[in-house]
Amino acid sequence: MKVQVYAALKDYFEQEFEIAEPVHSIEELRLLLLQRNPAAEAIMPVCRFAVNDEFVDHRFQLHANDILHIIPPSSGG
Amino acid sequence: MKVQVYAALKDYFEQEFEIAEPVHSIEELRLLLLQRNPAAEAIMPVCRFAVNDEFVDHRFQLHANDILHIIPPSSGG
Amino acid sequence: MTSSTSFPRAAGDNNPLLSATPINMAALLESAHHPAAGAVVLFSGETRDNSHGRQVAYLEYEAHESMAGRMIAAILEEAKAKWDLKIALACHRTGRVAVGETAVVVITAAAHRREAYAANRYIIDRVKHETPIWKREYFTDGSSEWGGNCDCQKITGDANRHIYETDTN
Amino acid sequence: MTSSTSFPRAAGDNNPLLSATPINMAALLESAHHPAAGAVVLFSGETRDNSHGRQVAYLEYEAHESMAGRMIAAILEEAKAKWDLKIALACHRTGRVAVGETAVVVITAAAHRREAYAANRYIIDRVKHETPIWKREYFTDGSSEWGGNCDCQKITGDANRHIYETDTN
């Protein structure tokens, strides 16, 4: 599973990385990422998750080939 | 006293004309103009009067050299 | 309409407040950047091809130019003070304005967008309701009439009291 | 940031929704006339020289471009339907945006000004709060930080529920 993060999330994770572990939901992914870098707790709770470019909620079921984008709060304009 | 009118008022009066009669207030002027053309009653009540480019009310005292502008409701924009 | 080549100008700005020729929108917008302004709002009032169900060919604007210019300048200054605008510009056409052409433009620049929008709307509402400028509508059937007067005083009973949709406070 | 030369476009319009190079404001405004539109409103969000009391040198925008483009297009289409807009355009910069330069532009054209203003404000509010676009502020002292996040969810408790100042109904 490929994960891409943006903006302030890049202070906590590589911009793009692979998840080899089996994760079945956004919630599981979230917990895994916080294990990898507990400091990300500062921003993760306010981030949105998108799978294949659609926003999904925490119960969303993941598949191995999904492309995950983790979206911090917008600051456009 | 010189009077200048605009827009729809030109359907009732010349665009510019002189008042020879002694008129002492806007109210007197108004009555005089309605005597000259009673049909102007259709628009005169909604017009504003300006003397020397400042809006004045109906009690304003006129002087012989004043320049009067009669201003129909705005339709700019 | 009195022809004039020296229109009144707002204090500290080089844009005419009235123009007998097409307004250079690009130049006006380009002049409205300001390092302390995060928000620029431009309003362009343009001639529509229809009015009350009739086909419009073009409009012709008449103005009592000296008063209109002075009043627009005063409205801009008031808005500038009220919303701490960095820039406030306006220009109203006189003469013939074709369909799709700009009859009036207002540009406001402020630190934040709330102020830029509110001030912009305030300025155009007052310019339209209060300044001595009038449109004559020329229709495609060859007829024409004085158009779209402000009729606030039917409600307020006072030619100097207007009703604005937005709360301008 | 992913570089891309083919940005997504809104249905029926030729303007890119995201741009890595300066936005041609004059051309965009010129393209926004419509014979049935009496009111055109343009909003330009520009880099300010200060942020929270610090001197800003420039901003740099990052976007998840495919999503951002699709979301902006959807917001424009929604606003068009809601206010019967004749034209709705938007373009957001990516990359470096200097002080006084446009970071985002929104243009709306409607029969009347009320709709043009309301729709314009609606579009920019949603673009700013919802689309995956982020600014990094570079200060004159050489430091930088991710800037000015939408923090509506501190109040709503939901990253997908935003608070808008204007009633958009």
# chains A, B, ... in the order shown; residues from 1 in each chain; ligands from 1

$ residues_around --residues "C:Ala88" --least-positions-apart "4" --cutoff "8 Å" --atoms "only C-alpha atoms" --output "list in words"
Leu76, Glu77, Ala79, Lys80, Val106, Ile107, Thr108 and Ala109 of chain C

$ write_last_selection --atoms "N, CA, C and O atoms" --output "compact mmCIF listing (two decimals), in the first residue's frame"
# COMPACT_ATOMS: atom_id res chain seq x y z
N LEU C 76 -15.90 56.52 -1.71
CA LEU C 76 -14.66 55.74 -1.65
C LEU C 76 -13.88 56.07 -0.38
O LEU C 76 -13.38 55.16 0.31
N GLU C 77 -13.77 57.34 -0.07
CA GLU C 77 -13.03 57.74 1.13
C GLU C 77 -13.70 57.21 2.39
O GLU C 77 -13.03 56.75 3.32
N ALA C 79 -15.60 54.54 2.65
CA ALA C 79 -15.40 53.09 2.71
C ALA C 79 -13.96 52.75 3.12
O ALA C 79 -13.73 51.81 3.90
N LYS C 80 -13.03 53.52 2.60
CA LYS C 80 -11.62 53.29 2.96
C LYS C 80 -11.40 53.39 4.46
O LYS C 80 -10.72 52.55 5.06
N VAL C 106 -15.81 48.76 -9.54
CA VAL C 106 -15.38 49.10 -8.18
C VAL C 106 -14.31 48.09 -7.78
O VAL C 106 -14.49 46.88 -7.95
N ILE C 107 -13.18 48.57 -7.28
CA ILE C 107 -12.13 47.68 -6.79
C ILE C 107 -11.78 48.06 -5.36
O ILE C 107 -11.57 49.23 -5.06
N THR C 108 -11.76 47.06 -4.49
CA THR C 108 -11.38 47.28 -3.11
C THR C 108 -10.27 46.30 -2.73
O THR C 108 -10.30 45.14 -3.13
N ALA C 109 -9.31 46.78 -1.97
CA ALA C 109 -8.23 45.92 -1.49
C ALA C 109 -8.08 46.11 0.01
O ALA C 109 -7.99 47.23 0.49

$ select_by_dssp --residues "chain A" --states "strand (DSSP E or B)" --output "VMD selection string"
chain A and resid 2 to 5 16 to 18 25 48 to 51 54 to 56 61 67 to 71

$ write_last_selection --atoms "N, CA, C and O atoms" --output "mmCIF file, in the first residue's frame"
data_model
loop_
_atom_site.group_PDB
_atom_site.id
_atom_site.type_symbol
_atom_site.label_atom_id
_atom_site.label_comp_id
_atom_site.auth_asym_id
_atom_site.auth_seq_id
_atom_site.Cartn_x
_atom_site.Cartn_y
_atom_site.Cartn_z
ATOM 1 N N LYS A 2 0.578 2.158 -0.944
ATOM 2 C CA LYS A 2 1.393 3.357 -1.073
ATOM 3 C C LYS A 2 0.719 4.510 -0.311
ATOM 4 O O LYS A 2 -0.505 4.705 -0.414
ATOM 5 N N VAL A 3 1.521 5.230 0.461
ATOM 6 C CA VAL A 3 1.001 6.361 1.225
ATOM 7 C C VAL A 3 1.728 7.629 0.804
ATOM 8 O O VAL A 3 2.955 7.622 0.639
ATOM 9 N N GLN A 4 0.949 8.693 0.609
ATOM 10 C CA GLN A 4 1.537 9.975 0.260
ATOM 11 C C GLN A 4 1.032 11.013 1.256
ATOM 12 O O GLN A 4 -0.163 11.076 1.529
ATOM 13 N N VAL A 5 1.945 11.797 1.807
ATOM 14 C CA VAL A 5 1.530 12.819 2.777
ATOM 15 C C VAL A 5 1.940 14.202 2.262
ATOM 16 O O VAL A 5 2.772 14.324 1.359
ATOM 17 N N GLU A 16 6.503 10.127 0.508
ATOM 18 C CA GLU A 16 5.873 8.938 -0.057
ATOM 19 C C GLU A 16 6.514 7.719 0.554
ATOM 20 O O GLU A 16 7.745 7.663 0.670
ATOM 21 N N PHE A 17 5.725 6.741 0.937
ATOM 22 C CA PHE A 17 6.310 5.496 1.441
ATOM 23 C C PHE A 17 5.341 4.338 1.260
ATOM 24 O O PHE A 17 4.154 4.540 0.978
ATOM 25 N N GLU A 18 5.884 3.145 1.416
ATOM 26 C CA GLU A 18 5.088 1.925 1.279
ATOM 27 C C GLU A 18 4.756 1.371 2.661
ATOM 28 O O GLU A 18 5.583 1.466 3.585
ATOM 29 N N SER A 25 -7.971 -1.164 7.685
ATOM 30 C CA SER A 25 -8.856 0.000 7.718
ATOM 31 C C SER A 25 -8.022 1.255 7.938
ATOM 32 O O SER A 25 -6.859 1.186 8.341
ATOM 33 N N ARG A 48 -7.386 14.450 7.137
ATOM 34 C CA ARG A 48 -8.356 13.632 6.427
ATOM 35 C C ARG A 48 -7.610 12.598 5.591
ATOM 36 O O ARG A 48 -6.455 12.807 5.216
ATOM 37 N N PHE A 49 -8.275 11.508 5.315
ATOM 38 C CA PHE A 49 -7.681 10.441 4.516
ATOM 39 C C PHE A 49 -8.431 10.309 3.196
ATOM 40 O O PHE A 49 -9.657 10.382 3.165
ATOM 41 N N ALA A 50 -7.668 10.132 2.129
ATOM 42 C CA ALA A 50 -8.286 9.915 0.823
ATOM 43 C C ALA A 50 -7.736 8.633 0.224
ATOM 44 O O ALA A 50 -6.534 8.361 0.307
ATOM 45 N N VAL A 51 -8.616 7.840 -0.322
ATOM 46 C CA VAL A 51 -8.223 6.619 -1.019
ATOM 47 C C VAL A 51 -8.623 6.772 -2.479
ATOM 48 O O VAL A 51 -9.779 7.075 -2.777
ATOM 49 N N GLU A 54 -10.544 9.941 -3.228
ATOM 50 C CA GLU A 54 -11.836 10.249 -2.603
ATOM 51 C C GLU A 54 -11.639 10.234 -1.088
ATOM 52 O O GLU A 54 -11.013 9.329 -0.545
ATOM 53 N N PHE A 55 -12.214 11.223 -0.400
ATOM 54 C CA PHE A 55 -12.142 11.220 1.059
ATOM 55 C C PHE A 55 -12.899 10.007 1.610
ATOM 56 O O PHE A 55 -13.954 9.636 1.084
ATOM 57 N N VAL A 56 -12.326 9.405 2.640
ATOM 58 C CA VAL A 56 -12.980 8.247 3.266
ATOM 59 C C VAL A 56 -12.967 8.437 4.785
ATOM 60 O O VAL A 56 -12.171 9.227 5.308
ATOM 61 N N GLN A 61 -12.542 0.298 4.596
ATOM 62 C CA GLN A 61 -11.747 -0.923 4.462
ATOM 63 C C GLN A 61 -10.714 -0.771 3.351
ATOM 64 O O GLN A 61 -11.057 -0.442 2.211
ATOM 65 N N ILE A 67 -4.092 3.469 -2.996
ATOM 66 C CA ILE A 67 -3.162 4.588 -2.820
ATOM 67 C C ILE A 67 -3.794 5.557 -1.830
ATOM 68 O O ILE A 67 -4.898 6.047 -2.036
ATOM 69 N N LEU A 68 -3.066 5.743 -0.730
ATOM 70 C CA LEU A 68 -3.557 6.573 0.368
ATOM 71 C C LEU A 68 -2.954 7.970 0.295
ATOM 72 O O LEU A 68 -1.742 8.108 0.144
ATOM 73 N N HIS A 69 -3.800 8.993 0.442
ATOM 74 C CA HIS A 69 -3.286 10.347 0.613
ATOM 75 C C HIS A 69 -3.758 10.860 1.960
ATOM 76 O O HIS A 69 -4.939 10.767 2.269
ATOM 77 N N ILE A 70 -2.825 11.354 2.734
ATOM 78 C CA ILE A 70 -3.207 11.909 4.032
ATOM 79 C C ILE A 70 -3.130 13.435 3.937
ATOM 80 O O ILE A 70 -2.087 13.983 3.559
ATOM 81 N N ILE A 71 -4.266 14.042 4.240
ATOM 82 C CA ILE A 71 -4.523 15.455 3.897
ATOM 83 C C ILE A 71 -4.624 16.294 5.161
ATOM 84 O O ILE A 71 -5.633 16.251 5.858
#

$ atom_distance --atom1 "atom CA of D:Glu165" --atom2 "atom CA of D:Met67"
24.8 Å

$ interface_residues --of "chain C" --to "chain A" --cutoff "12 Å" --atoms "only C-alpha atoms" --output "JSON, numbers by chain"
{"C": [38, 39, 112, 113]}

$ closest_atom_pairs --of "chain C" --to "chain D" --cutoff "7 Å" --atoms "only C-alpha atoms" --output "Markdown table"
| residue | atom | partner | partner_atom | distance |
| --- | --- | --- | --- | --- |
| C:Ala26 | CA | D:Ala26 | CA | 4.8 |
| C:His33 | CA | D:Gly100 | CA | 5.7 |
| C:His34 | CA | D:Gly100 | CA | 5.8 |
| C:Pro35 | CA | D:Gly100 | CA | 5.0 |
| C:Ala36 | CA | D:Arg48 | CA | 5.1 |
| C:Ala37 | CA | D:Arg48 | CA | 5.8 |
| C:Gly38 | CA | D:Glu46 | CA | 4.6 |
| C:Ala39 | CA | D:Gly45 | CA | 4.8 |
| C:Val40 | CA | D:Ser44 | CA | 5.0 |
| C:Val41 | CA | D:Phe43 | CA | 4.6 |
| C:Leu42 | CA | D:Leu42 | CA | 4.9 |
| C:Phe43 | CA | D:Val41 | CA | 4.6 |
| C:Ser44 | CA | D:Val40 | CA | 5.0 |
| C:Gly45 | CA | D:Ala39 | CA | 4.8 |
| C:Glu46 | CA | D:Gly38 | CA | 4.6 |
| C:Thr47 | CA | D:Gly38 | CA | 5.7 |
| C:Arg48 | CA | D:Gly38 | CA | 5.1 |
| C:Asp49 | CA | D:Pro35 | CA | 5.4 |
| C:Val99 | CA | D:Pro35 | CA | 5.9 |
| C:Gly100 | CA | D:Pro35 | CA | 5.0 |

$ write_last_selection --atoms "N, CA and C atoms" --output "PDB file, in the first residue's frame"
ATOM      1  N   ALA C  26      -8.129  45.868 -17.227  1.00  0.00           N
ATOM      2  CA  ALA C  26      -6.865  45.196 -16.919  1.00  0.00           C
ATOM      3  C   ALA C  26      -5.911  46.154 -16.203  1.00  0.00           C
ATOM      4  N   HIS C  33      -2.985  46.195  -6.721  1.00  0.00           N
ATOM      5  CA  HIS C  33      -2.213  45.347  -5.809  1.00  0.00           C
ATOM      6  C   HIS C  33      -1.595  46.210  -4.712  1.00  0.00           C
ATOM      7  N   HIS C  34      -1.493  45.651  -3.526  1.00  0.00           N
ATOM      8  CA  HIS C  34      -0.899  46.391  -2.408  1.00  0.00           C
ATOM      9  C   HIS C  34      -0.263  45.367  -1.472  1.00  0.00           C
ATOM     10  N   PRO C  35       0.982  45.595  -1.055  1.00  0.00           N
ATOM     11  CA  PRO C  35       1.673  44.577  -0.250  1.00  0.00           C
ATOM     12  C   PRO C  35       0.958  44.218   1.061  1.00  0.00           C
ATOM     13  N   ALA C  36       0.141  45.135   1.566  1.00  0.00           N
ATOM     14  CA  ALA C  36      -0.555  44.837   2.825  1.00  0.00           C
ATOM     15  C   ALA C  36      -1.967  44.319   2.591  1.00  0.00           C
ATOM     16  N   ALA C  37      -2.328  44.123   1.318  1.00  0.00           N
ATOM     17  CA  ALA C  37      -3.684  43.663   1.000  1.00  0.00           C
ATOM     18  C   ALA C  37      -3.659  42.192   0.594  1.00  0.00           C
ATOM     19  N   GLY C  38      -4.330  41.356   1.366  1.00  0.00           N
ATOM     20  CA  GLY C  38      -4.426  39.943   1.035  1.00  0.00           C
ATOM     21  C   GLY C  38      -5.636  39.624   0.179  1.00  0.00           C
ATOM     22  N   ALA C  39      -6.512  40.612   0.021  1.00  0.00           N
ATOM     23  CA  ALA C  39      -7.771  40.371  -0.704  1.00  0.00           C
ATOM     24  C   ALA C  39      -8.103  41.567  -1.575  1.00  0.00           C
ATOM     25  N   VAL C  40      -8.292  41.300  -2.856  1.00  0.00           N
ATOM     26  CA  VAL C  40      -8.743  42.337  -3.790  1.00  0.00           C
ATOM     27  C   VAL C  40     -10.057  41.861  -4.386  1.00  0.00           C
ATOM     28  N   VAL C  41     -11.085  42.704  -4.320  1.00  0.00           N
ATOM     29  CA  VAL C  41     -12.369  42.373  -4.933  1.00  0.00           C
ATOM     30  C   VAL C  41     -12.686  43.415  -5.997  1.00  0.00           C
ATOM     31  N   LEU C  42     -13.054  42.916  -7.166  1.00  0.00           N
ATOM     32  CA  LEU C  42     -13.452  43.787  -8.274  1.00  0.00           C
ATOM     33  C   LEU C  42     -14.899  43.495  -8.627  1.00  0.00           C
ATOM     34  N   PHE C  43     -15.689  44.544  -8.766  1.00  0.00           N
ATOM     35  CA  PHE C  43     -17.050  44.398  -9.284  1.00  0.00           C
ATOM     36  C   PHE C  43     -17.136  45.116 -10.610  1.00  0.00           C
ATOM     37  N   SER C  44     -17.701  44.440 -11.602  1.00  0.00           N
ATOM     38  CA  SER C  44     -17.960  45.077 -12.889  1.00  0.00           C
ATOM     39  C   SER C  44     -19.444  44.987 -13.189  1.00  0.00           C
ATOM     40  N   GLY C  45     -20.096  46.138 -13.267  1.00  0.00           N
ATOM     41  CA  GLY C  45     -21.504  46.183 -13.671  1.00  0.00           C
ATOM     42  C   GLY C  45     -21.558  46.324 -15.177  1.00  0.00           C
ATOM     43  N   GLU C  46     -22.173  45.353 -15.841  1.00  0.00           N
ATOM     44  CA  GLU C  46     -22.108  45.304 -17.296  1.00  0.00           C
ATOM     45  C   GLU C  46     -23.501  45.340 -17.915  1.00  0.00           C
ATOM     46  N   THR C  47     -23.573  45.840 -19.124  1.00  0.00           N
ATOM     47  CA  THR C  47     -24.854  45.926 -19.828  1.00  0.00           C
ATOM     48  C   THR C  47     -25.344  44.525 -20.172  1.00  0.00           C
ATOM     49  N   ARG C  48     -26.556  44.218 -19.692  1.00  0.00           N
ATOM     50  CA  ARG C  48     -27.172  42.937 -20.041  1.00  0.00           C
ATOM     51  C   ARG C  48     -27.951  43.055 -21.341  1.00  0.00           C
ATOM     52  N   ASP C  49     -28.125  41.912 -22.022  1.00  0.00           N
ATOM     53  CA  ASP C  49     -28.836  41.933 -23.300  1.00  0.00           C
ATOM     54  C   ASP C  49     -30.355  41.958 -23.127  1.00  0.00           C
ATOM     55  N   VAL C  99     -23.670  45.971 -24.915  1.00  0.00           N
ATOM     56  CA  VAL C  99     -23.920  44.735 -24.163  1.00  0.00           C
ATOM     57  C   VAL C  99     -22.585  44.038 -23.873  1.00  0.00           C
ATOM     58  N   GLY C 100     -22.407  43.633 -22.612  1.00  0.00           N
ATOM     59  CA  GLY C 100     -21.176  42.947 -22.214  1.00  0.00           C
ATOM     60  C   GLY C 100     -20.053  43.890 -21.832  1.00  0.00           C
TER      61      GLY C 100
END

$ residues_around --residues "D:Ala74" --least-positions-apart "4" --cutoff "12 Å" --atoms "only C-alpha atoms" --output "NGL selection string"
:D and (8-11 or 17 or 67-70 or 78-81 or 88-90 or 123 or 126-127 or 130-131)

$ write_last_selection --atoms "C-alpha atoms" --output "PDB file, in the first residue's frame"
ATOM      1  CA  PRO D   8      -7.646  19.520 -14.533  1.00  0.00           C
ATOM      2  CA  ARG D   9     -10.132  21.908 -16.129  1.00  0.00           C
ATOM      3  CA  ALA D  10     -13.706  22.788 -15.367  1.00  0.00           C
ATOM      4  CA  ALA D  11     -16.321  21.532 -17.754  1.00  0.00           C
ATOM      5  CA  LEU D  17      -7.878  25.288 -12.070  1.00  0.00           C
ATOM      6  CA  MET D  67      -7.925  16.051  -5.965  1.00  0.00           C
ATOM      7  CA  ALA D  68      -7.691  19.822  -5.619  1.00  0.00           C
ATOM      8  CA  GLY D  69      -8.529  20.369  -9.270  1.00  0.00           C
ATOM      9  CA  ARG D  70     -11.468  18.007  -9.148  1.00  0.00           C
ATOM     10  CA  GLU D  78     -22.322  23.604  -7.549  1.00  0.00           C
ATOM     11  CA  ALA D  79     -22.168  27.389  -7.280  1.00  0.00           C
ATOM     12  CA  LYS D  80     -23.166  27.775 -10.927  1.00  0.00           C
ATOM     13  CA  ALA D  81     -26.301  25.731 -10.371  1.00  0.00           C
ATOM     14  CA  ALA D  88     -17.717  30.666 -12.744  1.00  0.00           C
ATOM     15  CA  LEU D  89     -13.941  30.480 -12.902  1.00  0.00           C
ATOM     16  CA  ALA D  90     -11.230  29.814 -10.385  1.00  0.00           C
ATOM     17  CA  ILE D 123     -16.500  29.545  -3.827  1.00  0.00           C
ATOM     18  CA  ARG D 126     -14.913  26.461   0.199  1.00  0.00           C
ATOM     19  CA  VAL D 127     -11.702  26.440  -1.838  1.00  0.00           C
ATOM     20  CA  GLU D 130     -11.749  22.254   1.863  1.00  0.00           C
ATOM     21  CA  THR D 131      -9.366  21.726  -1.017  1.00  0.00           C
TER      22      THR D 131
END

$ atom_distance --atom1 "atom CA of D:Tyr58" --atom2 "atom CA of A:Ala8"
17.6 Å

$ atom_distance --atom1 "atom CA of A:His24" --atom2 "atom CA of A:Asn65"
11.7 Å

$ residues_around --residues "B:Leu29" --least-positions-apart "6" --cutoff "10 Å" --atoms "only C-alpha atoms" --output "ChimeraX atom specification"
/B:3,19,21-23,35,58,62,68

$ write_last_selection --atoms "N, CA and C atoms" --output "PDB file, in the first residue's frame"
ATOM      1  N   VAL B   3     -31.348  76.940 -14.183  1.00  0.00           N
ATOM      2  CA  VAL B   3     -31.797  75.605 -13.775  1.00  0.00           C
ATOM      3  C   VAL B   3     -31.335  74.582 -14.810  1.00  0.00           C
ATOM      4  N   ILE B  19     -34.737  81.072 -14.851  1.00  0.00           N
ATOM      5  CA  ILE B  19     -35.944  81.484 -14.142  1.00  0.00           C
ATOM      6  C   ILE B  19     -35.832  82.982 -13.894  1.00  0.00           C
ATOM      7  N   GLU B  21     -38.583  84.871 -12.814  1.00  0.00           N
ATOM      8  CA  GLU B  21     -39.446  85.191 -11.673  1.00  0.00           C
ATOM      9  C   GLU B  21     -38.660  85.113 -10.361  1.00  0.00           C
ATOM     10  N   PRO B  22     -39.042  85.946  -9.407  1.00  0.00           N
ATOM     11  CA  PRO B  22     -38.375  85.855  -8.107  1.00  0.00           C
ATOM     12  C   PRO B  22     -38.884  84.648  -7.327  1.00  0.00           C
ATOM     13  N   VAL B  23     -38.016  83.672  -7.116  1.00  0.00           N
ATOM     14  CA  VAL B  23     -38.375  82.528  -6.258  1.00  0.00           C
ATOM     15  C   VAL B  23     -37.383  82.496  -5.099  1.00  0.00           C
ATOM     16  N   GLN B  35     -46.393  74.645 -12.277  1.00  0.00           N
ATOM     17  CA  GLN B  35     -47.317  75.527 -13.012  1.00  0.00           C
ATOM     18  C   GLN B  35     -46.964  75.521 -14.497  1.00  0.00           C
ATOM     19  N   HIS B  58     -36.242  71.322   0.848  1.00  0.00           N
ATOM     20  CA  HIS B  58     -37.248  72.193   0.222  1.00  0.00           C
ATOM     21  C   HIS B  58     -37.341  73.565   0.870  1.00  0.00           C
ATOM     22  N   LEU B  62     -33.186  80.462  -1.727  1.00  0.00           N
ATOM     23  CA  LEU B  62     -32.458  80.650  -2.983  1.00  0.00           C
ATOM     24  C   LEU B  62     -32.026  82.093  -3.187  1.00  0.00           C
ATOM     25  N   LEU B  68     -29.176  75.883 -10.082  1.00  0.00           N
ATOM     26  CA  LEU B  68     -30.001  74.774  -9.589  1.00  0.00           C
ATOM     27  C   LEU B  68     -29.833  73.551 -10.468  1.00  0.00           C
TER      28      LEU B  68
END

$ select_by_dssp --residues "chain A" --states "helix (DSSP H, G or I)" --output "list in words"
Ala7, Ala8, Leu9, Lys10, Asp11, Ile26, Glu27, Glu28, Leu29, Arg30, Leu31, Leu32, Leu33, Leu34, Gln35, Arg36, Pro38, Ala39, Ala40, Glu41, Ala42, Met44, Pro45 and Val46 of chain A

$ residues_around --residues "stretch 136-146 of chain C" --least-positions-apart "4" --cutoff "8 Å" --atoms "only C-alpha atoms" --output "list of chain:residue names"
B:Ala7, B:Ala8, C:Arg54, C:Gln55, C:Val56, C:Ala57, C:Tyr58, C:Leu59, C:Glu60, C:Tyr61, C:Glu62

$ write_last_selection --atoms "N, CA and C atoms" --output "CSV table (one decimal), in the first residue's frame"
chain,number,residue,atom,x,y,z
B,7,ALA,N,-31.9,63.6,-17.4
B,7,ALA,CA,-32.6,62.3,-17.6
B,7,ALA,C,-34.1,62.5,-17.9
B,8,ALA,N,-34.9,61.7,-17.1
B,8,ALA,CA,-36.4,61.8,-17.4
B,8,ALA,C,-37.0,63.2,-17.3
C,54,ARG,N,-37.3,42.6,-22.3
C,54,ARG,CA,-37.1,43.2,-23.6
C,54,ARG,C,-35.6,43.1,-24.0
C,55,GLN,N,-35.4,43.0,-25.3
C,55,GLN,CA,-34.0,42.9,-25.8
C,55,GLN,C,-33.3,44.2,-25.8
C,56,VAL,N,-32.2,44.3,-25.1
C,56,VAL,CA,-31.5,45.6,-25.0
C,56,VAL,C,-30.4,45.6,-26.1
C,57,ALA,N,-30.3,46.7,-26.8
C,57,ALA,CA,-29.2,46.9,-27.8
C,57,ALA,C,-28.0,47.5,-27.1
C,58,TYR,N,-28.2,48.6,-26.4
C,58,TYR,CA,-27.1,49.2,-25.6
C,58,TYR,C,-27.7,50.2,-24.6
C,59,LEU,N,-26.9,50.7,-23.7
C,59,LEU,CA,-27.3,51.7,-22.8
C,59,LEU,C,-26.6,53.0,-23.1
C,60,GLU,N,-27.2,54.1,-22.6
C,60,GLU,CA,-26.5,55.3,-22.6
C,60,GLU,C,-26.6,56.0,-21.3
C,61,TYR,N,-25.4,56.4,-20.7
C,61,TYR,CA,-25.4,56.9,-19.4
C,61,TYR,C,-25.2,58.4,-19.4
C,62,GLU,N,-26.0,59.1,-18.7
C,62,GLU,CA,-25.9,60.6,-18.5
C,62,GLU,C,-25.5,60.8,-17.0
